[in-house]
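This report concerns only the one structure given below.
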Amino acid sequence: MKVFRLLAAASMLALLAGCGGGGSSGGGSTQEQPLVLTVSLSASSQTDETIEGATAKEITYTVTYSANRSFTTPVIAIADYDKAVFSSVTATAGSTANSFTITATTLPNLSGGTIASPITVKLCKDAGCANVYAGATTSFTENMTVNLQEWAQFQRNAAHNGFVHVTLEPTKFTAGWTWTIPTDGNQYNAINAVTTGNGMVYATRDGYFLTGAIYALNENDGSVVWKSNVPNLHSEGSATYDNGTLYVPTQDASEASNIMAFNAKNGTFINKATFYTQWANFISPTAFGGNIYFSESTLVGLSPITGTSLWQTNIPSSLYGLETPAADEKYIYFSTGASYGGNSKIEILNRADGSLYGEITDPLGAYNGYEYYGAPILGASNSLIAYSGEASTGLALSSSETYASRNLARFDVAAKSLLWHTTNAYITTPAYANGVIYAAQNSPLRFDAISETDGSVLWSWTPPAGDSAFHNNIIVTDNLAFVSTDQNVYAIDLTSHKSVWSYKAAGKLSLSPNYILYISTGIGHSDGGLVAIKLK
């Protein structure tokens, strides 16, 4: 608990004299009353909402006091508060006599959930608060609901870290609803990894030469809210949700590629942006700062309102699909692939205009096909984590999971240099939080927590007998990591390093702000199913 103090001017309250003595011949004396301060608050509590990852929020209220008699000792306001919720609580002289204005500033990026956090104010005679005025202690309660962000794109956000800032209780997990995409005469009954937005979960059809479809399902029960068809496609990727709009990457049967925009509330088509790549499959484009960014044979910044390009940068690349860039306030990050025999590079572009800021060569990033299947991950300040080289040995038939193991590498953005490679090769899409990278390998069969500092393995978990391979992506929260094998989805406790929950299914994972874990089921290729697990 932290303490803040403010010295008030000594109060000189005019009070009636105490009980009088006898007459002039009585020789009586007057005994001073014990000093008592009466404290009142402008409000005893306040209810607010914020969102996980948001900036700090400021709460202000007033403490007013009065006394039962005059006094000359100082009044010092001291505030005790929870440093896990507030970064500071300050007391300043109020606008009226004998009052303090208490300003409480929350920490930025509070963990998801509901918080009831008291601030206790004491009026003291001294800076160390050894002597508290009688009656001069009071509490204000801040009731804060911290809503989770949407699972809006590949690995949730533009950093692609798969991190959800929330603590979950595995004993509360229960199976919810299930849904399977209708075949509608298509060759494949399959879906891509799902995204969420505005109380709905969005599933797009996965396959090869198909009638594309976008389904919006109600998160409460899995019922279909709307459906939009996109006919005559070669391929369709996962949707990205941003500010009420869905962005879906597609390629038609004539090899024309588009980012198509739909109204996320009702499925109405808005516009599209056209780009070029050879027969390709896609993961979701990257949304950041009100714009959309995607990389295939070229990297393009897109204005989501008009569907027109902000800029386009052509950089030699061997990749034709299954990659999306990472983004932050300054830069865009993506891999070139290995360019047919050379080493792959991490390209860093200025986000404002697409100009080249720098590039970093990855000596282990050898040519391995056409698809990267993944995205760079933004780590600590000026740090980038990425897989070395491509993940496929040829054109994939769909946006199904990678089947090539690769080394992970960490790059220094400011120095434009490679920092380290992992000794082990990993196959899952990693997650990252608080200086630790979480990834799984199949030789040997092991889930690893990897130090961001040097790439060493901090601890490991091995699945039980009967599970033969890890698949798809990883999600990490404040206390758990979710990972899929070929048999089950597990929740691994980050403290005990043990499995604390499992569900008999395998697939791609997403985690909704409505506390629903989604499993797009299937091994290697989707079987078209979606399972909803309620986490609270």
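Please note that chains go A, B, ... in the order of the structure tokens, that every chain numbers its residues from 1, and that ligands are numbered from 1 in the order shown.
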
**Message:** Just want the 9 Å neighbourhood of A:Ala481, counted on only C-alpha atoms, with same-chain residues fewer than 4 positions away dropped. Output as a ChimeraX atom specification.
**Reply:** /A:431,438,474-477,490-494

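Closest approach to A:Thr521 among A:Arg156, A:His471, A:Lys534, A:Arg410 is made by A:His471 (distances from only C-alpha atoms).
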
Stretch 391-491 of chain A near stretch 347-369 of chain A within 12 Å: what's each residue's closest atom pair and its distance in Å to one decimal, counting only C-alpha atoms, ordered by chain then ascending residue number, as a Markdown table?
| residue | atom | partner | partner_atom | distance |
| --- | --- | --- | --- | --- |
| A:Ala391 | CA | A:Asn368 | CA | 6.5 |
| A:Ser392 | CA | A:Gly369 | CA | 5.2 |
| A:Thr393 | CA | A:Gly369 | CA | 4.3 |
| A:Gly394 | CA | A:Gly369 | CA | 4.9 |
| A:Leu395 | CA | A:Gly369 | CA | 7.4 |
| A:Ala396 | CA | A:Gly369 | CA | 9.6 |
| A:Thr402 | CA | A:Gly369 | CA | 11.6 |
| A:Tyr403 | CA | A:Asn368 | CA | 11.5 |
| A:Ala404 | CA | A:Asn368 | CA | 8.8 |
| A:Ser405 | CA | A:Asn368 | CA | 10.8 |
| A:Arg406 | CA | A:Gly365 | CA | 8.7 |
| A:Asn407 | CA | A:Leu364 | CA | 7.8 |
| A:Leu408 | CA | A:Leu364 | CA | 9.6 |
| A:Ala409 | CA | A:Asp362 | CA | 8.1 |
| A:Arg410 | CA | A:Asp362 | CA | 9.7 |
| A:Phe411 | CA | A:Ile360 | CA | 7.7 |
| A:Asp412 | CA | A:Ile360 | CA | 8.8 |
| A:Val413 | CA | A:Ile348 | CA | 8.1 |
| A:Ala414 | CA | A:Gly358 | CA | 9.2 |
| A:Ala415 | CA | A:Ile360 | CA | 9.3 |
| A:Lys416 | CA | A:Ile360 | CA | 5.5 |
| A:Ser417 | CA | A:Ile360 | CA | 5.8 |
| A:Leu418 | CA | A:Ile360 | CA | 6.9 |
| A:Leu419 | CA | A:Asp362 | CA | 10.1 |
| A:Trp420 | CA | A:Asp362 | CA | 9.9 |
| A:His421 | CA | A:Leu364 | CA | 8.4 |
| A:Thr422 | CA | A:Leu364 | CA | 10.6 |
| A:Thr423 | CA | A:Leu364 | CA | 11.4 |
| A:Ala425 | CA | A:Leu364 | CA | 11.3 |

**Request:** May I have the residues within 7 Å of stretch 193-209 of chain A as a PyMOL selection string, using only C-alpha atoms and disregarding those fewer than 3 positions away in the same chain?
**Result:** chain A and resi 150-153+188+190+212-219+233-241+253+397-399+508+510+512+520

**Prompt:** If we count only C-alpha atoms, what is near A:Asp80 at a cut-off of 12 Å, once residues fewer than 2 positions away on the same chain are taken out, given as a ChimeraX atom specification?
**Reply:** /A:1-5,77-78,82-83,85-91,102,104,117-123,129,137-141

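Counting only C-alpha atoms and comparing A:Asp48, A:Gly435, A:Ser499, A:Thr73, the residue that lies closest to A:Pro463 is A:Ser499.
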
**Request:** Name the residues of stretch 271-362 of chain A that fall into strand (DSSP E) according to DSSP on the backbone, using the chain letters and numbers of this document, as a ChimeraX atom specification.
**Result:** /A:271-275,286-288,291-295,299-302,309-313,321-323,326-327,331-335,344-350,356-362

**Asked** Which one is closest to A:Asn143: A:Gly113, A:Gly290, A:Gly528, A:Gly466? Count only C-alpha atoms.
**Response** A:Gly113

**Selection near A:Asn258, 9 Å with only C-alpha atoms, sequence-local residues under 5 positions removed, as a ChimeraX atom specification** = /A:248-252,272-276
